[in-house]
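Pasted below: data-v1.pdb, PDB, C-alpha atoms and all ligand atoms.
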ATOM      1  CA  MET G   1      -3.051   7.295 -27.304  1.00  0.00           C
ATOM      2  CA  TYR G   2      -0.140   9.271 -28.720  1.00  0.00           C
ATOM      3  CA  TYR G   3       1.189  12.738 -28.061  1.00  0.00           C
ATOM      4  CA  GLU G   4       4.264  14.821 -28.869  1.00  0.00           C
ATOM      5  CA  PRO G   5       5.648  16.428 -25.683  1.00  0.00           C
ATOM      6  CA  GLY G   6       5.617  20.205 -25.924  1.00  0.00           C
ATOM      7  CA  ARG G   7       3.733  20.109 -29.249  1.00  0.00           C
ATOM      8  CA  THR G   8       0.465  18.246 -28.718  1.00  0.00           C
ATOM      9  CA  PRO G   9      -1.470  17.626 -25.476  1.00  0.00           C
ATOM     10  CA  SER G  10      -1.726  14.157 -23.950  1.00  0.00           C
ATOM     11  CA  ASN G  11      -5.247  14.970 -22.720  1.00  0.00           C
ATOM     12  CA  LEU G  12      -4.460  12.989 -19.568  1.00  0.00           C
ATOM     13  CA  PRO G  13      -5.007  14.616 -16.147  1.00  0.00           C
ATOM     14  CA  TYR G  14      -1.392  13.940 -15.095  1.00  0.00           C
ATOM     15  CA  ASN G  15       1.852  13.775 -17.083  1.00  0.00           C
ATOM     16  CA  PRO G  16       2.542  10.062 -17.742  1.00  0.00           C
ATOM     17  CA  PHE G  17       6.226  10.440 -18.723  1.00  0.00           C
ATOM     18  CA  LYS G  18       7.814   9.649 -15.367  1.00  0.00           C
ATOM     19  CA  SER G  19       5.667   6.564 -14.876  1.00  0.00           C
ATOM     20  CA  CYS G  20       6.966   4.906 -18.048  1.00  0.00           C
ATOM     21  CA  VAL G  21      10.640   4.529 -17.083  1.00  0.00           C
ATOM     22  CA  VAL G  22      10.191   2.665 -13.817  1.00  0.00           C
ATOM     23  CA  PRO G  23      11.297   1.797 -11.255  1.00  0.00           C
ATOM     24  CA  ARG G  24      13.988   4.450 -10.889  1.00  0.00           C
ATOM     25  CA  PRO G  25      16.574   3.771  -8.188  1.00  0.00           C
ATOM     26  CA  ILE G  26      16.985   6.553  -5.685  1.00  0.00           C
ATOM     27  CA  GLY G  27      20.177   8.507  -5.737  1.00  0.00           C
ATOM     28  CA  TRP G  28      20.391   9.577  -2.113  1.00  0.00           C
ATOM     29  CA  ILE G  29      23.127  12.110  -2.717  1.00  0.00           C
ATOM     30  CA  ALA G  30      25.318  13.675  -0.043  1.00  0.00           C
ATOM     31  CA  THR G  31      27.487  16.651  -0.911  1.00  0.00           C
ATOM     32  CA  VAL G  32      29.477  19.393   0.820  1.00  0.00           C
ATOM     33  CA  SER G  33      29.351  23.062  -0.137  1.00  0.00           C
ATOM     34  CA  ALA G  34      32.494  24.972  -1.025  1.00  0.00           C
ATOM     35  CA  ASP G  35      32.408  26.432   2.511  1.00  0.00           C
ATOM     36  CA  GLY G  36      32.099  23.013   4.150  1.00  0.00           C
ATOM     37  CA  ARG G  37      28.344  22.603   4.842  1.00  0.00           C
ATOM     38  CA  HIS G  38      26.903  19.108   4.448  1.00  0.00           C
ATOM     39  CA  ASN G  39      23.793  18.375   2.359  1.00  0.00           C
ATOM     40  CA  LEU G  40      21.663  15.316   1.584  1.00  0.00           C
ATOM     41  CA  ALA G  41      18.785  14.958  -0.928  1.00  0.00           C
ATOM     42  CA  PRO G  42      17.112  12.219  -3.022  1.00  0.00           C
ATOM     43  CA  PHE G  43      17.221  12.190  -6.849  1.00  0.00           C
ATOM     44  CA  SER G  44      15.340   9.513  -8.772  1.00  0.00           C
ATOM     45  CA  GLN G  45      17.002  10.451 -12.016  1.00  0.00           C
ATOM     46  CA  PHE G  46      19.958   8.319 -10.980  1.00  0.00           C
ATOM     47  CA  GLN G  47      21.520   5.287 -12.613  1.00  0.00           C
ATOM     48  CA  ASN G  48      24.561   3.031 -13.096  1.00  0.00           C
ATOM     49  CA  VAL G  49      25.923   3.840 -16.580  1.00  0.00           C
ATOM     50  CA  ALA G  50      29.271   2.004 -16.929  1.00  0.00           C
ATOM     51  CA  TYR G  51      31.119  -0.684 -14.987  1.00  0.00           C
ATOM     52  CA  ASP G  52      34.864  -0.503 -15.756  1.00  0.00           C
ATOM     53  CA  PRO G  53      35.576   1.935 -14.305  1.00  0.00           C
ATOM     54  CA  PRO G  54      32.208   2.017 -12.559  1.00  0.00           C
ATOM     55  CA  MET G  55      30.252   5.175 -13.331  1.00  0.00           C
ATOM     56  CA  VAL G  56      26.896   6.537 -12.240  1.00  0.00           C
ATOM     57  CA  MET G  57      24.769   9.459 -13.351  1.00  0.00           C
ATOM     58  CA  VAL G  58      22.541  11.760 -11.389  1.00  0.00           C
ATOM     59  CA  SER G  59      20.549  14.642 -12.752  1.00  0.00           C
ATOM     60  CA  GLY G  60      18.851  17.532 -11.038  1.00  0.00           C
ATOM     61  CA  ASN G  61      16.558  20.190 -12.413  1.00  0.00           C
ATOM     62  CA  ASN G  62      16.495  23.756 -11.081  1.00  0.00           C
ATOM     63  CA  ARG G  63      14.308  25.161  -8.339  1.00  0.00           C
ATOM     64  CA  PRO G  64      11.127  26.912  -9.574  1.00  0.00           C
ATOM     65  CA  ASP G  65      12.919  30.304  -9.460  1.00  0.00           C
ATOM     66  CA  GLY G  66      15.648  28.996 -11.781  1.00  0.00           C
ATOM     67  CA  THR G  67      18.379  28.649  -9.147  1.00  0.00           C
ATOM     68  CA  LEU G  68      20.446  25.496  -8.765  1.00  0.00           C
ATOM     69  CA  LYS G  69      19.503  22.983  -6.075  1.00  0.00           C
ATOM     70  CA  ASP G  70      22.156  22.744  -3.345  1.00  0.00           C
ATOM     71  CA  THR G  71      23.165  19.237  -4.460  1.00  0.00           C
ATOM     72  CA  ILE G  72      23.947  20.353  -8.006  1.00  0.00           C
ATOM     73  CA  ARG G  73      25.638  23.593  -6.843  1.00  0.00           C
ATOM     74  CA  ASN G  74      27.846  21.592  -4.465  1.00  0.00           C
ATOM     75  CA  ILE G  75      28.749  18.956  -7.053  1.00  0.00           C
ATOM     76  CA  LEU G  76      29.659  21.642  -9.618  1.00  0.00           C
ATOM     77  CA  ASP G  77      31.787  23.429  -6.984  1.00  0.00           C
ATOM     78  CA  THR G  78      33.556  20.426  -5.452  1.00  0.00           C
ATOM     79  CA  GLY G  79      33.449  17.693  -8.126  1.00  0.00           C
ATOM     80  CA  GLU G  80      32.426  15.003  -5.658  1.00  0.00           C
ATOM     81  CA  PHE G  81      29.522  13.331  -3.857  1.00  0.00           C
ATOM     82  CA  VAL G  82      28.493  10.184  -2.035  1.00  0.00           C
ATOM     83  CA  TRP G  83      25.577   7.954  -3.038  1.00  0.00           C
ATOM     84  CA  SER G  84      23.888   6.000  -0.250  1.00  0.00           C
ATOM     85  CA  MET G  85      21.425   3.226  -1.053  1.00  0.00           C
ATOM     86  CA  ALA G  86      17.929   4.189   0.126  1.00  0.00           C
ATOM     87  CA  THR G  87      15.889   1.317   1.521  1.00  0.00           C
ATOM     88  CA  TYR G  88      12.219   0.712   2.223  1.00  0.00           C
ATOM     89  CA  ALA G  89      12.988   1.007   5.958  1.00  0.00           C
ATOM     90  CA  GLN G  90      14.428   4.487   5.318  1.00  0.00           C
ATOM     91  CA  ARG G  91      11.510   5.721   3.151  1.00  0.00           C
ATOM     92  CA  GLU G  92      10.313   8.414   5.594  1.00  0.00           C
ATOM     93  CA  GLN G  93      13.843   9.784   5.993  1.00  0.00           C
ATOM     94  CA  VAL G  94      14.309   9.819   2.206  1.00  0.00           C
ATOM     95  CA  SER G  95      11.147  11.839   1.776  1.00  0.00           C
ATOM     96  CA  ALA G  96      11.983  14.167   4.683  1.00  0.00           C
ATOM     97  CA  SER G  97      15.444  14.861   3.217  1.00  0.00           C
ATOM     98  CA  ALA G  98      13.755  16.210   0.033  1.00  0.00           C
ATOM     99  CA  GLN G  99      12.259  19.186   1.864  1.00  0.00           C
ATOM    100  CA  GLU G 100      13.395  22.603   0.630  1.00  0.00           C
ATOM    101  CA  PHE G 101      15.504  23.642   3.563  1.00  0.00           C
ATOM    102  CA  ALA G 102      17.323  26.968   3.403  1.00  0.00           C
ATOM    103  CA  PRO G 103      20.701  26.720   1.661  1.00  0.00           C
ATOM    104  CA  GLY G 104      23.324  25.665   4.153  1.00  0.00           C
ATOM    105  CA  VAL G 105      20.948  23.592   6.301  1.00  0.00           C
ATOM    106  CA  ASP G 106      22.460  20.156   6.907  1.00  0.00           C
ATOM    107  CA  GLU G 107      19.691  17.612   6.145  1.00  0.00           C
ATOM    108  CA  PHE G 108      21.545  14.970   8.159  1.00  0.00           C
ATOM    109  CA  GLU G 109      20.991  17.163  11.233  1.00  0.00           C
ATOM    110  CA  ALA G 110      17.599  18.616  10.284  1.00  0.00           C
ATOM    111  CA  VAL G 111      16.041  15.203   9.602  1.00  0.00           C
ATOM    112  CA  GLY G 112      18.025  13.298  12.246  1.00  0.00           C
ATOM    113  CA  ILE G 113      19.917  10.983   9.896  1.00  0.00           C
ATOM    114  CA  GLN G 114      23.124   9.536  11.281  1.00  0.00           C
ATOM    115  CA  SER G 115      26.126  10.016   9.019  1.00  0.00           C
ATOM    116  CA  ALA G 116      29.502   8.337   8.662  1.00  0.00           C
ATOM    117  CA  PRO G 117      32.630   9.686   6.979  1.00  0.00           C
ATOM    118  CA  ALA G 118      33.717   8.603   3.507  1.00  0.00           C
ATOM    119  CA  ASN G 119      37.302   7.545   2.795  1.00  0.00           C
ATOM    120  CA  LEU G 120      38.209   9.522  -0.332  1.00  0.00           C
ATOM    121  CA  VAL G 121      35.782  12.458  -0.486  1.00  0.00           C
ATOM    122  CA  LYS G 122      34.510  15.027   2.034  1.00  0.00           C
ATOM    123  CA  ALA G 123      30.784  14.240   1.620  1.00  0.00           C
ATOM    124  CA  ARG G 124      29.336  11.874   4.217  1.00  0.00           C
ATOM    125  CA  ARG G 125      27.514   8.527   4.025  1.00  0.00           C
ATOM    126  CA  VAL G 126      24.089   7.691   5.445  1.00  0.00           C
ATOM    127  CA  ALA G 127      25.332   5.497   8.283  1.00  0.00           C
ATOM    128  CA  ASP G 128      22.680   2.775   8.181  1.00  0.00           C
ATOM    129  CA  SER G 129      22.441   2.390   4.385  1.00  0.00           C
ATOM    130  CA  PRO G 130      23.612  -1.038   3.183  1.00  0.00           C
ATOM    131  CA  ALA G 131      25.787   0.342   0.356  1.00  0.00           C
ATOM    132  CA  HIS G 132      27.566   3.568  -0.559  1.00  0.00           C
ATOM    133  CA  PHE G 133      29.550   4.853  -3.536  1.00  0.00           C
ATOM    134  CA  GLU G 134      32.169   7.573  -3.207  1.00  0.00           C
ATOM    135  CA  CYS G 135      32.059   9.487  -6.504  1.00  0.00           C
ATOM    136  CA  LYS G 136      34.254  11.949  -8.478  1.00  0.00           C
ATOM    137  CA  VAL G 137      32.724  13.899 -11.366  1.00  0.00           C
ATOM    138  CA  HIS G 138      33.760  12.753 -14.845  1.00  0.00           C
ATOM    139  CA  GLN G 139      31.573  15.068 -16.944  1.00  0.00           C
ATOM    140  CA  THR G 140      28.627  17.420 -16.562  1.00  0.00           C
ATOM    141  CA  VAL G 141      26.088  17.875 -19.338  1.00  0.00           C
ATOM    142  CA  TYR G 142      23.704  20.841 -19.295  1.00  0.00           C
ATOM    143  CA  LEU G 143      20.239  19.957 -20.637  1.00  0.00           C
ATOM    144  CA  PRO G 144      18.251  23.084 -21.528  1.00  0.00           C
ATOM    145  CA  GLY G 145      14.664  23.103 -20.254  1.00  0.00           C
ATOM    146  CA  ASN G 146      11.456  24.790 -21.389  1.00  0.00           C
ATOM    147  CA  THR G 147      10.870  26.577 -18.065  1.00  0.00           C
ATOM    148  CA  LEU G 148      13.124  28.091 -15.400  1.00  0.00           C
ATOM    149  CA  GLU G 149      12.614  24.934 -13.323  1.00  0.00           C
ATOM    150  CA  SER G 150      13.229  22.365 -16.032  1.00  0.00           C
ATOM    151  CA  HIS G 151      16.814  23.322 -16.898  1.00  0.00           C
ATOM    152  CA  THR G 152      18.785  20.252 -15.825  1.00  0.00           C
ATOM    153  CA  HIS G 153      22.368  19.286 -15.029  1.00  0.00           C
ATOM    154  CA  LEU G 154      23.266  15.677 -15.786  1.00  0.00           C
ATOM    155  CA  ILE G 155      26.311  14.627 -13.832  1.00  0.00           C
ATOM    156  CA  ILE G 156      28.332  11.556 -14.775  1.00  0.00           C
ATOM    157  CA  ALA G 157      30.741  10.435 -12.084  1.00  0.00           C
ATOM    158  CA  GLU G 158      33.309   7.719 -11.517  1.00  0.00           C
ATOM    159  CA  VAL G 159      32.754   5.543  -8.461  1.00  0.00           C
ATOM    160  CA  ILE G 160      36.133   5.557  -6.718  1.00  0.00           C
ATOM    161  CA  GLY G 161      35.135   3.846  -3.459  1.00  0.00           C
ATOM    162  CA  ILE G 162      32.443   1.253  -2.735  1.00  0.00           C
ATOM    163  CA  HIS G 163      31.223   0.354   0.751  1.00  0.00           C
ATOM    164  CA  ILE G 164      28.940  -2.623   1.346  1.00  0.00           C
ATOM    165  CA  ALA G 165      27.899  -3.418   4.910  1.00  0.00           C
ATOM    166  CA  ASP G 166      29.246  -6.912   5.682  1.00  0.00           C
ATOM    167  CA  ASP G 167      25.910  -8.233   6.944  1.00  0.00           C
ATOM    168  CA  TYR G 168      24.405  -7.624   3.483  1.00  0.00           C
ATOM    169  CA  ILE G 169      26.865 -10.048   1.828  1.00  0.00           C
ATOM    170  CA  ASP G 170      25.178 -13.468   1.752  1.00  0.00           C
ATOM    171  CA  ALA G 171      26.739 -16.931   2.153  1.00  0.00           C
ATOM    172  CA  SER G 172      27.401 -17.141  -1.617  1.00  0.00           C
ATOM    173  CA  GLY G 173      29.311 -13.841  -1.534  1.00  0.00           C
ATOM    174  CA  ARG G 174      26.597 -11.846  -3.301  1.00  0.00           C
ATOM    175  CA  PHE G 175      24.959  -8.604  -2.229  1.00  0.00           C
ATOM    176  CA  ASP G 176      21.721  -9.612  -0.501  1.00  0.00           C
ATOM    177  CA  VAL G 177      19.367  -7.295  -2.354  1.00  0.00           C
ATOM    178  CA  LEU G 178      16.201  -8.743  -0.805  1.00  0.00           C
ATOM    179  CA  ARG G 179      17.553  -8.123   2.687  1.00  0.00           C
ATOM    180  CA  ALA G 180      18.430  -4.544   1.717  1.00  0.00           C
ATOM    181  CA  ARG G 181      15.056  -3.954   0.005  1.00  0.00           C
ATOM    182  CA  PRO G 182      16.101  -0.890  -2.028  1.00  0.00           C
ATOM    183  CA  LEU G 183      13.513   1.850  -2.458  1.00  0.00           C
ATOM    184  CA  ALA G 184      12.649   3.112  -5.961  1.00  0.00           C
ATOM    185  CA  ARG G 185      10.400   5.727  -7.557  1.00  0.00           C
ATOM    186  CA  LEU G 186       7.482   5.098  -9.844  1.00  0.00           C
ATOM    187  CA  GLY G 187       5.467   7.903 -11.420  1.00  0.00           C
ATOM    188  CA  TYR G 188       3.145  10.352  -9.645  1.00  0.00           C
ATOM    189  CA  LEU G 189       3.626  10.030  -5.850  1.00  0.00           C
ATOM    190  CA  ASP G 190       4.210   6.271  -6.015  1.00  0.00           C
ATOM    191  CA  TYR G 191       7.188   4.275  -4.831  1.00  0.00           C
ATOM    192  CA  THR G 192       8.120   0.611  -4.927  1.00  0.00           C
ATOM    193  CA  SER G 193      10.840  -1.508  -3.357  1.00  0.00           C
ATOM    194  CA  VAL G 194      12.718  -4.625  -4.419  1.00  0.00           C
ATOM    195  CA  ASP G 195      11.056  -7.483  -2.547  1.00  0.00           C
ATOM    196  CA  ASN G 196      11.422 -10.296  -5.095  1.00  0.00           C
ATOM    197  CA  ALA G 197      14.008 -11.486  -7.622  1.00  0.00           C
ATOM    198  CA  PHE G 198      14.279 -14.258 -10.186  1.00  0.00           C
ATOM    199  CA  GLU G 199      17.091 -15.550 -12.402  1.00  0.00           C
ATOM    200  CA  LEU G 200      17.091 -15.880 -16.175  1.00  0.00           C
ATOM    201  CA  LEU G 201      19.912 -17.234 -18.311  1.00  0.00           C
ATOM    202  CA  ILE G 202      20.612 -15.711 -21.717  1.00  0.00           C
ATOM    203  CA  PRO G 203      19.846 -18.539 -24.176  1.00  0.00           C
ATOM    204  CA  GLY G 204      23.043 -20.210 -25.401  1.00  0.00           C
ATOM    205  CA  PHE G 205      25.153 -19.203 -22.384  1.00  0.00           C
ATOM    206  CA  ARG G 206      27.554 -22.010 -21.371  1.00  0.00           C
ATOM    207  CA  PRO G 207      28.218 -22.579 -17.627  1.00  0.00           C
ATOM    208  CA  GLY G 208      31.733 -21.039 -17.951  1.00  0.00           C
ATOM    209  CA  GLN G 209      30.320 -17.965 -19.647  1.00  0.00           C
ATOM    210  CA  THR G 210      27.777 -17.599 -16.865  1.00  0.00           C
ATOM    211  CA  VAL G 211      30.557 -17.564 -14.267  1.00  0.00           C
ATOM    212  CA  GLU G 212      32.472 -14.929 -16.250  1.00  0.00           C
ATOM    213  CA  TYR G 213      29.301 -12.834 -16.517  1.00  0.00           C
ATOM    214  CA  LEU G 214      28.738 -12.983 -12.768  1.00  0.00           C
ATOM    215  CA  LYS G 215      32.363 -12.170 -11.967  1.00  0.00           C
ATOM    216  CA  ASP G 216      32.047  -8.913 -13.858  1.00  0.00           C
ATOM    217  CA  SER G 217      35.235  -7.544 -15.302  1.00  0.00           C
ATOM    218  CA  VAL G 218      38.276  -7.999 -13.091  1.00  0.00           C
ATOM    219  CA  ARG G 219      41.076  -5.837 -14.394  1.00  0.00           C
ATOM    220  CA  LYS G 220      44.146  -7.932 -15.304  1.00  0.00           C
ATOM    221  CA  PRO G 221      47.380  -6.725 -13.666  1.00  0.00           C
TER     222      PRO G 221
HETATM  223  C1  LIG L 301      12.139  10.271  -4.038  1.00  0.00           C
HETATM  224  C2  LIG L 301      12.485  11.619  -4.603  1.00  0.00           C
HETATM  225  C3  LIG L 301      13.142  11.711  -5.818  1.00  0.00           C
HETATM  226  C4  LIG L 301      13.506  12.957  -6.344  1.00  0.00           C
HETATM  227  N1  LIG L 301      14.132  13.008  -7.544  1.00  0.00           N
HETATM  228  C5  LIG L 301      14.523  14.197  -8.051  1.00  0.00           C
HETATM  229  C6  LIG L 301      15.216  14.251  -9.302  1.00  0.00           C
HETATM  230  O1  LIG L 301      15.471  13.235  -9.969  1.00  0.00           O
HETATM  231  N2  LIG L 301      15.600  15.471  -9.751  1.00  0.00           N
HETATM  232  C7  LIG L 301      15.377  16.616  -9.050  1.00  0.00           C
HETATM  233  O2  LIG L 301      15.794  17.697  -9.495  1.00  0.00           O
HETATM  234  N3  LIG L 301      14.718  16.590  -7.854  1.00  0.00           N
HETATM  235  C8  LIG L 301      14.300  15.410  -7.351  1.00  0.00           C
HETATM  236  N4  LIG L 301      13.639  15.371  -6.135  1.00  0.00           N
HETATM  237  C9  LIG L 301      13.449  16.627  -5.387  1.00  0.00           C
HETATM  238  C10 LIG L 301      14.693  17.022  -4.567  1.00  0.00           C
HETATM  239  O3  LIG L 301      15.018  15.999  -3.634  1.00  0.00           O
HETATM  240  C11 LIG L 301      14.383  18.327  -3.798  1.00  0.00           C
HETATM  241  O4  LIG L 301      14.242  19.373  -4.751  1.00  0.00           O
HETATM  242  C12 LIG L 301      15.398  18.712  -2.753  1.00  0.00           C
HETATM  243  O5  LIG L 301      14.893  19.783  -1.971  1.00  0.00           O
HETATM  244  C13 LIG L 301      16.737  19.136  -3.337  1.00  0.00           C
HETATM  245  O6  LIG L 301      17.575  19.426  -2.242  1.00  0.00           O
HETATM  246  P1  LIG L 301      18.900  20.285  -2.325  1.00  0.00           P
HETATM  247  O7  LIG L 301      18.529  21.712  -2.702  1.00  0.00           O
HETATM  248  O8  LIG L 301      19.454  20.152  -0.947  1.00  0.00           O
HETATM  249  O9  LIG L 301      19.769  19.654  -3.383  1.00  0.00           O
HETATM  250  C14 LIG L 301      13.214  14.149  -5.619  1.00  0.00           C
HETATM  251  C15 LIG L 301      12.521  14.052  -4.392  1.00  0.00           C
HETATM  252  C16 LIG L 301      12.142  12.806  -3.905  1.00  0.00           C
HETATM  253  C17 LIG L 301      11.402  12.708  -2.607  1.00  0.00           C
END

Do you think you could lay out the structure here as structure tokens?
Amino acid sequence: MYYEPGRTPSNLPYNPFKSCVVPRPIGWIATVSADGRHNLAPFSQFQNVAYDPPMVMVSGNNRPDGTLKDTIRNILDTGEFVWSMATYAQREQVSASAQEFAPGVDEFEAVGIQSAPANLVKARRVADSPAHFECKVHQTVYLPGNTLESHTHLIIAEVIGIHIADDYIDASGRFDVLRARPLARLGYLDYTSVDNAFELLIPGFRPGQTVEYLKDSVRKP
């Protein structure tokens, strides 16, 4: 089948678009409003987009009435947020934190999620998440939509602080992703989680190159 979004119908009962780019990691995004109220919500349009300096992106569409979601409003007002890794064990809390609470309601309190302070920004971390990024906005891109709800703000942010809970660092010094079991979105109402991993070497890589690749870029003094 083939269709042209907005021009020709897919003739499918449900829109297949979101189930093609999968799995999408969950941006569990904590922010603070200009008047100091804390907020937490999940965004599956979230991704790592650069590594030196590390940068992530998160995007949020509007509410059905065309107003900005609290997360986006807060990020535009304050220029900062915290990402907490969402895990399979936290799946019910992730879903509960997506409820449309009245503006100003603190989802940490409303859902009963324990928080911990960040070091460099005012937004808080989900205390029992295995990893957190403290983020400062680099650039915001407005993506016009076809309906009031589909107008979107894409936020690109620099990761200025990284927390990894020590018990998720394995004996080889790597982040133990299978222990963390990150949660991710598929299409429709489906989710998945990372419960297996395998290694592949790029053909032609020499052992030294492999080590360099794993080390990532370490800035020279
Ligand atoms: C797993 C999950 C992923 C979501 N991803 C997005 C997303 O990528 N973009 C978006 O605008 N809303 C997304 N939502 C919906 C928001 O979480 C929801 O609108 C929430 O109420 C926004 O809260 P806020 O107004 O406090 O920012 C998602 C919800 C869930 C449960």

May I have the residues within 12 Å of G:Ala98 as a count of residues only, using only C-alpha atoms and disregarding those fewer than 4 positions away in the same chain?
-> 24

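When the PyMOL selection byres (((chain G and resi 183) around 6) and not hetatm) is evaluated against the file, it yields Ala86, Thr87, Tyr88, Pro182, Ala184 and Ser193 of chain G.
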
To one decimal place, how far is atom CA of G:Ser10 from atom CA of G:Thr192 in Å?
-> 25.3 Å

Which one of G:Gln114, G:Asn61, G:Thr78, G:Ser84 sits closest to ligand LIG 301 (chain L) if you count all atoms listed in the file?
-> G:Asn61

Pick from G:Arg185, G:Arg179, G:Lys215, G:His163 nearest to G:Ala118, counting only C-alpha atoms = G:His163

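Pairwise distance (atom CA of G:Gly204, atom CA of G:Asp52) equals 24.9 Å.
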
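Closest to ligand LIG 301 (chain L) among G:Gln90, G:Thr210, G:Thr8, G:Asn119 is G:Gln90, based on only C-alpha atoms and all ligand atoms.
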
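Distance-wise, atom CA of G:Arg37 and atom CA of G:Pro144 end up 28.2 Å apart.
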
Quick one: apply the PyMOL selection byres (((chain G and resi 150) around 10) and not hetatm) to the file and drop the selected residues here as a PyMOL selection string.
-> chain G and resi 60-64+66+143-149+151-153

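Using only C-alpha atoms, the set of residues no farther than 10 Å from the position (33.6, 26.6, 1.1) comprises Val32, Ser33, Ala34, Asp35, Gly36, Arg37, Asn74, Asp77 and Thr78 of chain G.
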
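Shortest atom-to-atom contact with ligand LIG 301 (chain L) among G:Asp167, G:Asp190, G:Asp195, G:Glu109: G:Asp190, counting only C-alpha atoms and all ligand atoms.
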
Tell me, as a PyMOL selection string, which residues lie within 10 Å of G:Thr140, counting only C-alpha atoms; anything in the same chain fewer than 6 positions away does not count.
-> chain G and resi 57-59+75-76+79+153-157

Box in all listed atoms of ligand LIG 301 (chain L), axis-aligned, with 5 Å more on each side; write out centre and edge lengths in Å to one decimal as JSON.
{"center_x": 15.6, "center_y": 16.0, "center_z": -5.5, "size_x": 18.4, "size_y": 21.4, "size_z": 19.0}

Residues in the PyMOL selection byres (((chain G and resi 164) around 6) and not hetatm), expressed as a PDB file with C-alpha atoms, in the coordinates of the input:
ATOM      1  CA  PRO G 130      23.612  -1.038   3.183  1.00  0.00           C
ATOM      2  CA  ALA G 131      25.787   0.342   0.356  1.00  0.00           C
ATOM      3  CA  HIS G 163      31.223   0.354   0.751  1.00  0.00           C
ATOM      4  CA  ALA G 165      27.899  -3.418   4.910  1.00  0.00           C
TER       5      ALA G 165
END

Around the point (33.6, 11.8, 8.4), in the coordinates given by the file, pick out the residues reaching within 12 Å, counting all atoms listed in the file, and return them as a VMD selection string.
-> chain G and resid 30 32 38 82 114 to 127

Write the residues you've just listed into a file as a short mmCIF file (atom, residue, chain, number, x, y, z; two decimals), in the coordinates of the input, and include C-alpha atoms for each of them.
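For reference, result-v7.cif as written:
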data_model
loop_
_atom_site.label_atom_id
_atom_site.label_comp_id
_atom_site.auth_asym_id
_atom_site.auth_seq_id
_atom_site.Cartn_x
_atom_site.Cartn_y
_atom_site.Cartn_z
CA ALA G 30 25.32 13.68 -0.04
CA VAL G 32 29.48 19.39 0.82
CA HIS G 38 26.90 19.11 4.45
CA VAL G 82 28.49 10.18 -2.04
CA GLN G 114 23.12 9.54 11.28
CA SER G 115 26.13 10.02 9.02
CA ALA G 116 29.50 8.34 8.66
CA PRO G 117 32.63 9.69 6.98
CA ALA G 118 33.72 8.60 3.51
CA ASN G 119 37.30 7.54 2.80
CA LEU G 120 38.21 9.52 -0.33
CA VAL G 121 35.78 12.46 -0.49
CA LYS G 122 34.51 15.03 2.03
CA ALA G 123 30.78 14.24 1.62
CA ARG G 124 29.34 11.87 4.22
CA ARG G 125 27.51 8.53 4.03
CA VAL G 126 24.09 7.69 5.44
CA ALA G 127 25.33 5.50 8.28
#

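Closest approach to G:Gly104 among G:Thr31, G:Lys136, G:Pro203, G:Ala171 is made by G:Thr31 (distances from only C-alpha atoms).
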
Export: stretch 100-127 of chain G, C-alpha atoms, as a compact mmCIF listing (two decimals), in the first residue's frame:
# COMPACT_ATOMS: atom_id res chain seq x y z
CA GLU G 100 -4.27 16.08 31.75
CA PHE G 101 -4.06 17.60 35.19
CA ALA G 102 -5.00 21.25 35.62
CA PRO G 103 -2.09 23.61 34.91
CA GLY G 104 -0.01 24.01 38.03
CA VAL G 105 -0.72 20.51 39.37
CA ASP G 106 2.56 18.83 40.32
CA GLU G 107 2.47 15.33 38.75
CA PHE G 108 5.17 14.16 41.16
CA GLU G 109 2.68 14.78 43.99
CA ALA G 110 -0.52 13.86 42.13
CA VAL G 111 0.83 10.49 40.97
CA GLY G 112 3.00 9.82 44.03
CA ILE G 113 6.37 9.82 42.28
CA GLN G 114 9.35 10.54 44.50
CA SER G 115 11.60 13.29 43.21
CA ALA G 116 15.20 14.31 43.80
CA PRO G 117 16.84 17.67 43.11
CA ALA G 118 19.03 18.29 40.08
CA ASN G 119 22.43 19.97 40.40
CA LEU G 120 22.36 22.66 37.70
CA VAL G 121 18.68 23.29 36.92
CA LYS G 122 15.54 23.83 39.01
CA ALA G 123 13.51 20.94 37.53
CA ARG G 124 13.57 17.73 39.56
CA ARG G 125 14.59 14.13 38.79
CA VAL G 126 12.44 11.01 39.16
CA ALA G 127 14.24 9.61 42.19
